[in-house]
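Chemist: Sharing coords_12.tsv, TSV, C-alpha atoms:
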```
chain	number	residue	atom	x	y	z
A	916	MET	CA	-3.62	-24.24	-4.91
A	917	PRO	CA	-5.56	-20.97	-4.93
A	918	LEU	CA	-8.97	-20.99	-3.34
A	919	ASP	CA	-11.93	-20.88	-5.64
A	920	ALA	CA	-14.04	-17.98	-4.37
A	921	SER	CA	-17.15	-19.29	-6.10
A	922	ILE	CA	-17.37	-22.39	-3.88
A	923	LEU	CA	-16.95	-20.44	-0.63
A	924	ASP	CA	-19.73	-19.35	1.67
A	925	THR	CA	-19.68	-16.33	3.90
A	926	GLY	CA	-18.47	-16.97	7.45
A	927	GLU	CA	-16.36	-19.65	9.09
A	928	GLN	CA	-14.80	-22.15	6.69
A	929	ARG	CA	-12.41	-25.09	6.83
A	930	CYS	CA	-9.44	-25.23	4.49
A	931	PRO	CA	-9.61	-28.42	2.36
A	932	SER	CA	-5.81	-28.82	2.29
A	933	CYS	CA	-4.69	-28.03	5.88
A	934	SER	CA	-8.04	-28.33	7.73
A	935	GLY	CA	-7.40	-24.97	9.37
A	936	THR	CA	-10.24	-22.61	10.16
A	937	PHE	CA	-10.63	-19.32	8.39
A	938	TRP	CA	-13.30	-16.73	7.78
A	939	ALA	CA	-14.19	-15.66	4.26
A	940	THR	CA	-16.48	-13.28	2.45
A	941	PRO	CA	-16.74	-13.83	-1.31
A	942	PHE	CA	-17.93	-11.01	-3.54
A	943	ALA	CA	-19.29	-10.90	-7.07
A	944	PRO	CA	-18.18	-7.55	-8.45
A	945	PRO	CA	-20.23	-6.33	-11.41
A	946	GLU	CA	-18.47	-6.49	-14.74
A	947	PRO	CA	-17.74	-3.11	-16.27
A	948	ARG	CA	-20.35	-2.19	-18.84
A	949	ALA	CA	-19.96	0.01	-21.88
A	950	GLU	CA	-21.77	3.30	-21.47
A	951	ALA	CA	-23.73	4.86	-24.29
A	952	VAL	CA	-22.29	8.13	-25.53
A	953	ALA	CA	-24.76	10.85	-26.42
A	954	SER	CA	-24.59	11.68	-30.11
A	955	ILE	CA	-24.66	15.26	-31.36
A	956	LEU	CA	-27.15	14.19	-34.03
A	957	GLU	CA	-29.62	13.03	-31.39
A	958	ALA	CA	-29.08	16.06	-29.20
A	959	GLY	CA	-29.59	18.52	-32.03
A	960	PRO	CA	-27.67	21.74	-32.71
A	961	GLU	CA	-28.80	23.36	-29.48
A	962	GLY	CA	-28.67	20.20	-27.41
A	963	GLY	CA	-24.97	20.40	-26.64
A	964	VAL	CA	-21.49	21.27	-27.86
A	965	PRO	CA	-19.38	18.70	-29.69
A	966	CYS	CA	-16.37	17.00	-28.14
A	967	ALA	CA	-13.03	18.39	-29.36
A	968	ARG	CA	-11.80	14.91	-30.37
A	969	HIS	CA	-15.02	13.20	-31.37
A	970	SER	CA	-17.08	15.71	-33.29
A	971	GLY	CA	-20.07	13.38	-33.37
A	972	ASN	CA	-20.33	13.12	-29.57
A	973	VAL	CA	-21.85	15.57	-27.12
A	974	ALA	CA	-19.36	17.10	-24.66
A	975	VAL	CA	-20.20	16.37	-21.04
A	976	ALA	CA	-17.38	18.29	-19.33
A	977	SER	CA	-14.45	20.57	-19.95
A	978	CYS	CA	-10.88	19.69	-19.01
A	979	SER	CA	-9.82	21.01	-15.58
A	980	ARG	CA	-6.40	21.90	-16.98
A	981	CYS	CA	-6.83	23.14	-20.59
A	982	GLY	CA	-10.59	23.68	-20.74
A	983	VAL	CA	-11.19	21.63	-23.88
A	984	PHE	CA	-14.69	20.12	-24.26
A	985	MET	CA	-14.75	16.34	-23.74
A	986	CYS	CA	-17.31	13.60	-24.31
A	987	SER	CA	-17.70	10.78	-21.81
A	988	LEU	CA	-15.22	8.70	-23.85
A	989	CYS	CA	-12.45	11.28	-23.36
A	990	LYS	CA	-13.21	12.36	-19.78
A	991	ILE	CA	-10.82	10.95	-17.18
A	992	ASP	CA	-11.80	11.45	-13.53
A	993	ILE	CA	-8.70	11.33	-11.37
A	994	ASP	CA	-7.62	12.91	-8.06
A	995	GLY	CA	-10.68	15.14	-8.07
A	996	LEU	CA	-9.96	16.47	-11.58
A	997	GLU	CA	-11.66	15.95	-14.92
A	998	LEU	CA	-8.89	15.69	-17.50
A	999	CYS	CA	-8.69	15.20	-21.25
A	1000	PRO	CA	-6.39	12.38	-22.47
A	1001	SER	CA	-3.60	14.82	-23.50
A	1002	CYS	CA	-3.47	16.57	-20.12
A	1003	PHE	CA	-3.72	13.21	-18.35
A	1004	ASP	CA	-0.72	11.88	-20.33
A	1005	ARG	CA	1.28	15.01	-19.62
A	1006	LEU	CA	0.52	15.18	-15.89
A	1007	ALA	CA	1.00	11.43	-15.44
A	1008	SER	CA	4.39	11.53	-17.19
A	1009	GLU	CA	5.43	14.47	-14.99
A	1010	GLY	CA	4.41	12.48	-11.88
A	1011	ALA	CA	1.94	15.20	-10.88
A	1012	LEU	CA	-0.96	12.79	-10.44
A	1013	VAL	CA	-0.57	10.88	-7.20
A	1014	SER	CA	-2.99	8.14	-8.21
A	1015	THR	CA	-0.97	7.20	-11.29
A	1016	GLN	CA	2.33	6.78	-9.45
A	1017	THR	CA	3.23	3.11	-9.24
A	1018	ARG	CA	7.00	3.39	-8.83
A	1019	ILE	CA	8.31	5.76	-6.18
A	1020	ARG	CA	11.80	6.23	-4.81
A	1021	ASP	CA	11.87	4.75	-1.29
A	1022	TYR	CA	13.75	7.43	0.68
A	1023	ARG	CA	12.66	5.95	4.01
A	1024	GLY	CA	14.05	2.53	3.10
A	1025	MET	CA	17.27	4.04	1.75
A	1026	ALA	CA	17.73	6.16	4.90
A	1027	VAL	CA	17.33	3.17	7.22
A	1028	THR	CA	19.57	0.96	5.07
A	1029	LEU	CA	22.31	3.58	4.85
A	1030	GLY	CA	21.93	4.23	8.58
A	1031	VAL	CA	22.51	0.56	9.43
A	1032	VAL	CA	25.20	-0.08	6.80
A	1033	GLY	CA	26.97	3.19	7.69
A	1034	CYS	CA	27.30	2.06	11.32
A	1035	PHE	CA	29.31	-0.97	10.12
A	1036	MET	CA	31.38	1.22	7.78
A	1037	TYR	CA	31.92	3.87	10.42
A	1038	ILE	CA	35.26	4.94	8.89
A	1039	PHE	CA	33.19	6.67	6.20
A	1040	GLY	CA	30.85	8.15	8.81
A	1041	LEU	CA	31.49	11.72	7.72
A	1042	ILE	CA	30.04	10.80	4.32
A	1043	THR	CA	27.38	8.23	5.23
A	1044	GLY	CA	26.13	10.17	8.29
A	1045	PRO	CA	25.14	13.36	6.43
A	1046	ALA	CA	23.86	11.23	3.53
A	1047	THR	CA	21.60	9.40	6.00
A	1048	PHE	CA	20.36	12.76	7.32
A	1049	TYR	CA	19.63	13.90	3.75
A	1050	LEU	CA	17.73	10.72	2.86
A	1051	ALA	CA	15.75	10.88	6.11
A	1052	TRP	CA	14.84	14.51	5.36
A	1053	ARG	CA	13.67	13.46	1.87
A	1054	GLY	CA	11.74	10.63	3.53
A	1055	PHE	CA	9.93	13.07	5.86
A	1056	ARG	CA	9.12	15.31	2.87
A	1057	GLN	CA	7.92	12.38	0.79
A	1058	ARG	CA	5.75	11.19	3.65
A	1059	ARG	CA	4.10	14.62	3.84
A	1060	GLU	CA	3.69	14.89	0.05
A	1061	LEU	CA	2.10	11.45	-0.26
A	1062	GLY	CA	-0.16	12.09	2.73
A	1063	ASP	CA	1.11	9.01	4.55
A	1064	GLN	CA	0.45	8.32	8.17
A	1065	GLY	CA	2.87	6.13	10.07
A	1066	GLY	CA	6.46	5.29	9.24
A	1067	VAL	CA	7.86	8.09	11.43
A	1068	TRP	CA	9.75	5.83	13.80
A	1069	SER	CA	11.92	4.26	11.11
A	1070	LEU	CA	12.89	7.74	9.92
A	1071	VAL	CA	13.70	8.77	13.49
A	1072	VAL	CA	15.82	5.61	13.82
A	1073	ALA	CA	17.63	6.56	10.59
A	1074	VAL	CA	18.37	10.04	11.97
A	1075	VAL	CA	19.70	8.54	15.22
A	1076	LEU	CA	21.90	6.11	13.27
A	1077	GLY	CA	23.19	8.98	11.09
A	1078	ALA	CA	24.04	10.95	14.24
A	1079	LEU	CA	25.72	7.85	15.69
A	1080	GLN	CA	27.95	7.50	12.63
A	1081	ILE	CA	29.05	11.12	12.88
A	1082	ALA	CA	29.57	10.74	16.64
A	1083	ILE	CA	31.76	7.63	16.15
A	1084	VAL	CA	33.95	9.43	13.60
A	1085	GLY	CA	34.07	12.50	15.86
A	1086	ILE	CA	35.25	10.39	18.81
A	1087	MET	CA	37.84	8.68	16.58
A	1088	ILE	CA	39.21	12.01	15.33
A	1089	PHE	CA	39.19	13.44	18.87
A	1090	SER	CA	41.14	10.43	20.21
A	1091	MET	CA	43.61	10.52	17.31
A	1092	VAL	CA	44.25	14.23	17.88
A	1093	GLY	CA	44.72	13.47	21.58
A	1094	VAL	CA	47.22	10.68	20.82
A	1095	LEU	CA	49.14	12.76	18.27
A	1096	SER	CA	49.35	15.81	20.53
A	1097	ARG	CA	50.93	13.75	23.32
B	665	MET	CA	-2.10	21.11	-10.46
B	666	THR	CA	0.83	19.93	-8.41
B	667	GLY	CA	-0.27	21.97	-5.38
B	668	LEU	CA	-3.41	19.90	-4.88
B	669	PRO	CA	-3.58	17.92	-1.65
B	670	PRO	CA	-2.94	14.23	-2.29
B	671	PRO	CA	-5.65	11.73	-1.48
B	672	ARG	CA	-5.53	10.84	2.19
B	673	ARG	CA	-4.63	7.31	3.13
B	674	ARG	CA	-4.17	5.51	6.40
B	675	PHE	CA	-1.54	2.90	7.24
B	676	VAL	CA	-3.35	-0.29	8.23
B	677	GLY	CA	-0.55	-2.81	8.55
B	678	SER	CA	2.27	-4.64	6.90
B	679	PHE	CA	3.26	-8.08	5.72
B	680	ILE	CA	6.88	-9.13	5.80
B	681	SER	CA	7.88	-12.44	4.30
B	682	TRP	CA	11.18	-13.91	3.10
B	683	THR	CA	10.58	-12.58	-0.38
B	684	GLU	CA	8.62	-9.37	-0.01
B	685	ARG	CA	8.01	-6.47	2.33
B	686	MET	CA	4.60	-4.89	1.94
B	687	ARG	CA	3.01	-1.91	3.64
B	688	VAL	CA	-0.73	-1.60	3.19
B	689	PHE	CA	-2.68	1.66	3.27
B	690	ARG	CA	-6.41	2.27	3.26
B	691	ALA	CA	-7.40	4.93	0.71
B	692	ASP	CA	-10.90	6.09	-0.16
B	693	GLU	CA	-11.52	3.65	-2.98
B	694	ALA	CA	-8.80	1.01	-2.64
B	695	LEU	CA	-6.24	-0.71	-0.47
B	696	GLU	CA	-2.83	0.48	-1.62
B	697	VAL	CA	-0.05	-2.08	-1.34
B	698	ASP	CA	3.45	-0.63	-1.33
B	699	SER	CA	6.09	-3.32	-1.77
B	700	SER	CA	9.59	-2.05	-1.25
B	701	ASP	CA	13.05	-3.38	-1.99
B	702	ARG	CA	14.51	-0.54	0.13
B	703	TYR	CA	15.28	1.45	-3.02
B	704	GLU	CA	12.01	1.71	-4.87
B	705	ILE	CA	8.38	1.33	-3.87
B	706	ARG	CA	6.11	-0.51	-6.27
B	707	ARG	CA	2.49	0.41	-5.67
B	708	ARG	CA	-0.48	-1.79	-6.48
B	709	ARG	CA	-4.10	-1.14	-5.67
B	710	VAL	CA	-6.89	-3.49	-4.69
B	711	PHE	CA	-9.98	-1.50	-5.62
B	712	PHE	CA	-12.98	-2.12	-3.41
B	713	ASP	CA	-15.28	-2.46	-6.42
B	714	GLU	CA	-13.05	-5.27	-7.74
B	715	VAL	CA	-12.67	-7.32	-4.56
B	716	LEU	CA	-13.39	-10.99	-5.17
B	717	LEU	CA	-12.67	-12.45	-1.75
B	718	ALA	CA	-11.63	-11.33	1.73
B	719	THR	CA	-10.36	-13.81	4.30
B	720	VAL	CA	-8.89	-13.79	7.78
B	721	HIS	CA	-6.98	-16.73	9.19
B	722	ARG	CA	-4.70	-17.64	12.07
B	723	GLU	CA	-1.10	-18.75	11.65
B	724	LEU	CA	1.58	-19.91	14.04
B	725	GLY	CA	5.18	-18.85	13.63
B	726	GLY	CA	4.81	-17.04	10.36
B	727	GLY	CA	7.28	-14.64	8.82
B	728	PRO	CA	11.04	-14.43	8.90
B	729	TYR	CA	11.46	-12.98	12.41
B	730	PRO	CA	11.27	-16.23	14.44
B	731	TRP	CA	13.83	-17.87	12.14
B	732	SER	CA	16.09	-14.81	12.35
B	733	PHE	CA	15.95	-14.89	16.16
B	734	ALA	CA	16.59	-18.66	16.12
B	735	SER	CA	19.64	-18.13	13.90
B	736	LEU	CA	20.97	-15.42	16.22
B	737	ALA	CA	20.38	-17.70	19.24
B	738	LEU	CA	22.32	-20.49	17.51
B	739	LEU	CA	25.11	-18.09	16.59
B	740	ALA	CA	25.39	-16.84	20.18
B	741	ALA	CA	25.35	-20.42	21.48
B	742	LEU	CA	28.18	-21.37	19.10
B	743	LEU	CA	30.07	-18.25	20.14
B	744	SER	CA	29.79	-19.27	23.78
B	745	LEU	CA	31.83	-22.41	22.97
B	746	ALA	CA	34.79	-20.14	22.30
B	747	PHE	CA	34.48	-18.68	25.82
B	748	ALA	CA	34.21	-22.00	27.62
B	749	SER	CA	37.27	-21.22	29.77
B	750	GLU	CA	36.06	-17.73	30.77
B	751	PRO	CA	32.96	-17.92	32.97
B	752	ALA	CA	32.02	-14.20	32.68
B	753	ALA	CA	32.07	-14.12	28.87
B	754	LEU	CA	30.39	-17.54	28.75
B	755	GLY	CA	27.57	-16.23	30.93
B	756	ILE	CA	27.07	-13.17	28.74
B	757	THR	CA	26.99	-15.11	25.45
B	758	LEU	CA	24.70	-17.78	26.90
B	759	GLY	CA	22.44	-15.02	28.22
B	760	ILE	CA	22.27	-13.45	24.76
B	761	ALA	CA	21.59	-16.86	23.23
B	762	GLY	CA	18.83	-17.46	25.77
B	763	LEU	CA	17.26	-14.07	25.06
B	764	PHE	CA	17.18	-14.70	21.32
B	765	GLY	CA	15.98	-18.23	21.97
B	766	VAL	CA	13.02	-16.95	23.99
B	767	LEU	CA	12.19	-14.43	21.27
B	768	ALA	CA	12.38	-17.17	18.61
B	769	LEU	CA	10.19	-19.48	20.71
B	770	ALA	CA	7.65	-16.70	21.23
B	771	GLY	CA	7.68	-16.04	17.48
B	772	PHE	CA	7.07	-19.71	16.71
B	773	LEU	CA	4.36	-20.26	19.33
B	774	LEU	CA	2.39	-17.01	19.41
B	775	PRO	CA	-0.32	-16.73	16.77
B	776	SER	CA	-0.64	-14.07	14.15
B	777	TRP	CA	-3.79	-13.14	12.26
B	778	ILE	CA	-3.60	-12.57	8.53
B	779	VAL	CA	-6.15	-10.59	6.56
B	780	THR	CA	-6.02	-11.27	2.80
B	781	VAL	CA	-7.98	-9.31	0.23
B	782	TYR	CA	-8.05	-10.73	-3.29
B	783	GLY	CA	-8.82	-8.28	-6.08
B	784	LYS	CA	-9.08	-8.89	-9.79
B	785	ARG	CA	-5.59	-7.58	-10.44
B	786	ALA	CA	-3.79	-7.50	-7.11
B	787	ARG	CA	-3.79	-8.96	-3.63
B	788	ALA	CA	-3.25	-7.35	-0.23
B	789	ARG	CA	-2.08	-9.22	2.87
B	790	ILE	CA	-1.68	-7.82	6.36
B	791	ARG	CA	-0.24	-9.68	9.34
B	792	TYR	CA	-1.25	-8.77	12.90
B	793	ARG	CA	0.76	-10.48	15.60
B	794	LEU	CA	-1.44	-11.24	18.64
B	795	ARG	CA	-3.99	-8.60	17.58
B	796	GLU	CA	-7.01	-10.61	16.58
B	797	ALA	CA	-9.45	-7.77	17.31
B	798	LYS	CA	-7.58	-5.41	15.01
B	799	ALA	CA	-7.46	-8.01	12.23
B	800	ARG	CA	-11.18	-8.64	12.52
B	801	THR	CA	-11.93	-4.91	12.57
B	802	LEU	CA	-9.99	-4.42	9.33
B	803	TYR	CA	-11.61	-7.51	7.78
B	804	GLU	CA	-15.09	-6.16	8.56
B	805	GLU	CA	-14.11	-2.68	7.37
B	806	VAL	CA	-12.84	-4.05	4.04
B	807	CYS	CA	-15.91	-6.26	3.59
B	808	GLN	CA	-18.20	-3.31	4.27
B	809	ALA	CA	-16.28	-0.99	1.93
B	810	ALA	CA	-16.23	-3.64	-0.84
B	811	ALA	CA	-19.95	-4.33	-0.49
B	812	GLU	CA	-20.78	-0.62	-0.60
B	813	ALA	CA	-18.50	0.06	-3.59
B	814	GLN	CA	-19.86	-2.88	-5.56
B	815	ARG	CA	-23.46	-1.96	-4.75
B	816	ALA	CA	-22.81	1.63	-5.89
B	817	LEU	CA	-21.19	0.37	-9.10
B	818	ALA	CA	-24.11	-1.95	-9.82
B	819	GLU	CA	-26.56	0.93	-9.27
B	820	ARG	CA	-24.56	3.17	-11.59
B	821	GLN	CA	-24.49	0.52	-14.28
B	822	SER	CA	-28.10	-0.54	-14.03
B	823	PRO	CA	-30.14	0.82	-16.93
B	824	PRO	CA	-32.57	3.60	-16.06
B	825	PRO	CA	-36.12	2.41	-15.52
B	826	VAL	CA	-38.27	2.62	-18.58
B	827	VAL	CA	-40.97	5.20	-17.93
B	828	GLU	CA	-44.14	4.85	-19.85
B	829	VAL	CA	-44.83	8.27	-21.26
B	830	PRO	CA	-48.52	8.71	-21.99
B	831	LEU	CA	-49.14	9.68	-25.56
B	832	PRO	CA	-51.02	12.89	-26.24
B	833	PRO	CA	-54.65	12.46	-27.04
B	834	GLU	CA	-55.57	11.91	-30.61
B	835	PRO	CA	-56.27	15.18	-32.35
B	836	PRO	CA	-59.84	15.54	-33.32
B	837	TYR	CA	-60.02	15.06	-37.00
B	838	SER	CA	-62.58	16.98	-38.76
B	839	ALA	CA	-64.04	15.38	-41.75
```
Give the structure from the file, written as structure tokens.
Modeler:
Amino acid sequence: MPLDASILDTGEQRCPSCSGTFWATPFAPPEPRAEAVASILEAGPEGGVPCARHSGNVAVASCSRCGVFMCSLCKIDIDGLELCPSCFDRLASEGALVSTQTRIRDYRGMAVTLGVVGCFMYIFGLITGPATFYLAWRGFRQRRELGDQGGVWSLVVAVVLGALQIAIVGIMIFSMVGVLSR
Amino acid sequence: MTGLPPPRRRFVGSFISWTERMRVFRADEALEVDSSDRYEIRRRRVFFDEVLLATVHRELGGGPYPWSFASLALLAALLSLAFASEPAALGITLGIAGLFGVLALAGFLLPSWIVTVYGKRARARIRYRLREAKARTLYEEVCQAAAEAQRALAERQSPPPVVEVPLPPEPPYSA
């Protein structure tokens, strides 16, 4: 049963179901409130320029990408930019806005998985080893692009496992050549 | 546009359960929860101005690791039955079983501290094994950030104070 935050106090509490102790801090976030949009009629002809989409509203900013005038209804503040809805849609669909990305390819996870699985399928080490290297390299790049801290060790482990796969195949080939040459 | 530096975020911890694997990052205005199935990362955000509840609690033997170690210990113990007639191999397998057994026991007995942050749309959980101080530091940090963000939001949304503007004096009417 989920805890009801409204009945909780701040500080040490006792769970009603398991009697365990826990510490809680409930919050009451303010509900979002509709903001009034300045009308061009109220502002007067010299009071402001109209929004490109809503001709009755006063523009409060211009788009960081295309420069179009926007009212506070159209203005989207994201990643330090002020964008109009069209530019936001375009950049979000291109994946250029980091804050809108909710599904990202997990190169780090793929590198580690292929590193481990490749060690069991070492016969294919000449394929899985370089593939592990490639995925680990993409993982390092992705980590830098996303501004992540941490997660280096798993990539290093993936690189080591990739090298191990290649080394196993190398030893196998070397021994086979040795046996055949005898 | 694409050359802009991404918002900085800091890895604060992870939560690994039987069903999900989450890595939690602290960004400027939210906790970002990356849950991964080893192929794709699904990102959710718990915004500080939407936090409803933050808790920290203690748990014994949580997560899949103790059970995994226990399974490996059992497997090694069963394997040792096959080497009953060879003392050297029996010793090695029993040693491995003992090692995994100790690790499983430690996993079951040692406490972990779990910080949970409930937002309106998402939830973040972070498990700290044996690191109570770190869990409490993060808990206080999240509580402080949530309180500040919600106070700032309330101030932004509060209507501006009504200022009484004095009317100009009545013009002197001449009869």
Chemist: Would you mind telling me which residue in A:Ile1088, A:Ala1078, A:Ala1073, A:Leu1006 lies nearest to chain B when using only C-alpha atoms?
Modeler: A:Leu1006
Chemist: Identify which of the residues B:Phe679, B:Phe747, B:Tyr703, B:Tyr803 lies closest to chain A, counting only C-alpha atoms when measuring atom-to-atom distances.
Modeler: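 For chain A, the nearest of the candidates is B:Tyr703.
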Chemist: Contacts between chain B and chain A, please, where a residue of chain A counts if it comes within 8 Å (with all atoms listed in the file); show its shortest atom pair and distance in Å to one decimal, rows by chain and ascending number, as a Markdown table.
Modeler:
```
| residue | atom | partner | partner_atom | distance |
| --- | --- | --- | --- | --- |
| A:Ala920 | CA | B:Leu717 | CA | 6.3 |
| A:Thr936 | CA | B:His721 | CA | 6.8 |
| A:Phe937 | CA | B:His721 | CA | 4.5 |
| A:Trp938 | CA | B:Val720 | CA | 5.3 |
| A:Ala939 | CA | B:Thr719 | CA | 4.3 |
| A:Thr940 | CA | B:Ala718 | CA | 5.3 |
| A:Pro941 | CA | B:Leu717 | CA | 4.3 |
| A:Phe942 | CA | B:Leu716 | CA | 4.8 |
| A:Ala943 | CA | B:Leu716 | CA | 6.2 |
| A:Pro944 | CA | B:Glu714 | CA | 5.7 |
| A:Pro945 | CA | B:Ala818 | CA | 6.1 |
| A:Pro947 | CA | B:Gln821 | CA | 7.9 |
| A:Arg948 | CA | B:Gln821 | CA | 6.7 |
| A:Arg980 | CA | B:Met665 | CA | 7.9 |
| A:Asp994 | CA | B:Pro671 | CA | 7.0 |
| A:Ala1011 | CA | B:Thr666 | CA | 5.5 |
| A:Leu1012 | CA | B:Thr666 | CA | 7.6 |
| A:Val1013 | CA | B:Pro670 | CA | 6.4 |
| A:Gln1016 | CA | B:Arg707 | CA | 7.4 |
| A:Thr1017 | CA | B:Arg707 | CA | 4.5 |
| A:Arg1018 | CA | B:Arg706 | CA | 4.7 |
| A:Ile1019 | CA | B:Ile705 | CA | 5.0 |
| A:Arg1020 | CA | B:Glu704 | CA | 4.5 |
| A:Asp1021 | CA | B:Glu704 | CA | 4.7 |
| A:Tyr1022 | CA | B:Tyr703 | CA | 7.2 |
| A:Arg1023 | CA | B:Arg702 | CA | 7.8 |
| A:Gly1024 | CA | B:Arg702 | CA | 4.3 |
| A:Met1025 | CA | B:Arg702 | CA | 5.6 |
| A:Thr1028 | CA | B:Arg702 | CA | 7.2 |
| A:Glu1060 | CA | B:Pro670 | CA | 7.1 |
| A:Leu1061 | CA | B:Pro670 | CA | 6.1 |
| A:Gly1062 | CA | B:Arg672 | CA | 5.5 |
| A:Asp1063 | CA | B:Arg673 | CA | 6.2 |
| A:Gln1064 | CA | B:Arg674 | CA | 5.7 |
| A:Gly1065 | CA | B:Phe675 | CA | 6.2 |
```
Chemist: Take the residues just selected and output them with C-alpha atoms as a PDB file, in the coordinates of the input.
Modeler:
```
ATOM      1  CA  ALA A 920     -14.040 -17.980  -4.370  1.00  0.00           C
ATOM      2  CA  THR A 936     -10.240 -22.610  10.160  1.00  0.00           C
ATOM      3  CA  PHE A 937     -10.630 -19.320   8.390  1.00  0.00           C
ATOM      4  CA  TRP A 938     -13.300 -16.730   7.780  1.00  0.00           C
ATOM      5  CA  ALA A 939     -14.190 -15.660   4.260  1.00  0.00           C
ATOM      6  CA  THR A 940     -16.480 -13.280   2.450  1.00  0.00           C
ATOM      7  CA  PRO A 941     -16.740 -13.830  -1.310  1.00  0.00           C
ATOM      8  CA  PHE A 942     -17.930 -11.010  -3.540  1.00  0.00           C
ATOM      9  CA  ALA A 943     -19.290 -10.900  -7.070  1.00  0.00           C
ATOM     10  CA  PRO A 944     -18.180  -7.550  -8.450  1.00  0.00           C
ATOM     11  CA  PRO A 945     -20.230  -6.330 -11.410  1.00  0.00           C
ATOM     12  CA  PRO A 947     -17.740  -3.110 -16.270  1.00  0.00           C
ATOM     13  CA  ARG A 948     -20.350  -2.190 -18.840  1.00  0.00           C
ATOM     14  CA  ARG A 980      -6.400  21.900 -16.980  1.00  0.00           C
ATOM     15  CA  ASP A 994      -7.620  12.910  -8.060  1.00  0.00           C
ATOM     16  CA  ALA A1011       1.940  15.200 -10.880  1.00  0.00           C
ATOM     17  CA  LEU A1012      -0.960  12.790 -10.440  1.00  0.00           C
ATOM     18  CA  VAL A1013      -0.570  10.880  -7.200  1.00  0.00           C
ATOM     19  CA  GLN A1016       2.330   6.780  -9.450  1.00  0.00           C
ATOM     20  CA  THR A1017       3.230   3.110  -9.240  1.00  0.00           C
ATOM     21  CA  ARG A1018       7.000   3.390  -8.830  1.00  0.00           C
ATOM     22  CA  ILE A1019       8.310   5.760  -6.180  1.00  0.00           C
ATOM     23  CA  ARG A1020      11.800   6.230  -4.810  1.00  0.00           C
ATOM     24  CA  ASP A1021      11.870   4.750  -1.290  1.00  0.00           C
ATOM     25  CA  TYR A1022      13.750   7.430   0.680  1.00  0.00           C
ATOM     26  CA  ARG A1023      12.660   5.950   4.010  1.00  0.00           C
ATOM     27  CA  GLY A1024      14.050   2.530   3.100  1.00  0.00           C
ATOM     28  CA  MET A1025      17.270   4.040   1.750  1.00  0.00           C
ATOM     29  CA  THR A1028      19.570   0.960   5.070  1.00  0.00           C
ATOM     30  CA  GLU A1060       3.690  14.890   0.050  1.00  0.00           C
ATOM     31  CA  LEU A1061       2.100  11.450  -0.260  1.00  0.00           C
ATOM     32  CA  GLY A1062      -0.160  12.090   2.730  1.00  0.00           C
ATOM     33  CA  ASP A1063       1.110   9.010   4.550  1.00  0.00           C
ATOM     34  CA  GLN A1064       0.450   8.320   8.170  1.00  0.00           C
ATOM     35  CA  GLY A1065       2.870   6.130  10.070  1.00  0.00           C
TER      36      GLY A1065
END
```
Chemist: Could you work out how far atom CA of A:Lys990 lies from atom CA of A:Gly1010, giving the answer in Å with one decimal?
Modeler: 19.3 Å
Chemist: Counting only C-alpha atoms, what is within 12 Å of A:Gly1085, bar same-chain residues fewer than 3 positions away, as an MDAnalysis selection string?
Modeler: chainID A and resid 1037:1041 1044 1078:1082 1088:1092
Chemist: Would you mind reading off the distance between atom CA of B:Ile680 and atom CA of A:Leu1029, one decimal, in Å?
Modeler: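 The value is 20.0 Å.
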Chemist: Report, in Å with one decimal, the straight-line distance from atom CA of B:Gly762 to atom CA of B:Trp731.
Modeler: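 Interatomic distance here is 14.5 Å.
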Chemist: Please return, as a short mmCIF file (atom, residue, chain, number, x, y, z; two decimals) with C-alpha atoms, in the frame of the given file, all polymer residues that have at least one atom within 7 Å of the point (-17.0, 14.6, -26.2); use only C-alpha atoms and the file's own coordinate frame.
Modeler:
```cif
data_model
loop_
_atom_site.label_atom_id
_atom_site.label_comp_id
_atom_site.auth_asym_id
_atom_site.auth_seq_id
_atom_site.Cartn_x
_atom_site.Cartn_y
_atom_site.Cartn_z
CA PRO A 965 -19.38 18.70 -29.69
CA CYS A 966 -16.37 17.00 -28.14
CA ALA A 967 -13.03 18.39 -29.36
CA ARG A 968 -11.80 14.91 -30.37
CA HIS A 969 -15.02 13.20 -31.37
CA ASN A 972 -20.33 13.12 -29.57
CA VAL A 973 -21.85 15.57 -27.12
CA ALA A 974 -19.36 17.10 -24.66
CA VAL A 975 -20.20 16.37 -21.04
CA PHE A 984 -14.69 20.12 -24.26
CA MET A 985 -14.75 16.34 -23.74
CA CYS A 986 -17.31 13.60 -24.31
CA SER A 987 -17.70 10.78 -21.81
CA LEU A 988 -15.22 8.70 -23.85
CA CYS A 989 -12.45 11.28 -23.36
#
```
Chemist: Quick one: residues within 12 Å of B:Pro775, only C-alpha atoms counted, chain neighbours fewer than 6 positions away excluded, as a list in words?
Modeler: His721, Arg722, Glu723, Leu724, Gly725, Gly726, Gly727, Pro730, Leu769, Arg791, Tyr792, Arg793, Leu794, Arg795 and Glu796 of chain B
Chemist: Taking (18.3, 8.7, 5.0) in the file's coordinates, which residues come within 10 Å, counting only C-alpha atoms, written as a PyMOL selection string?
Modeler: chain A and resi 1021-1030+1043-1055+1069-1074+1076-1077
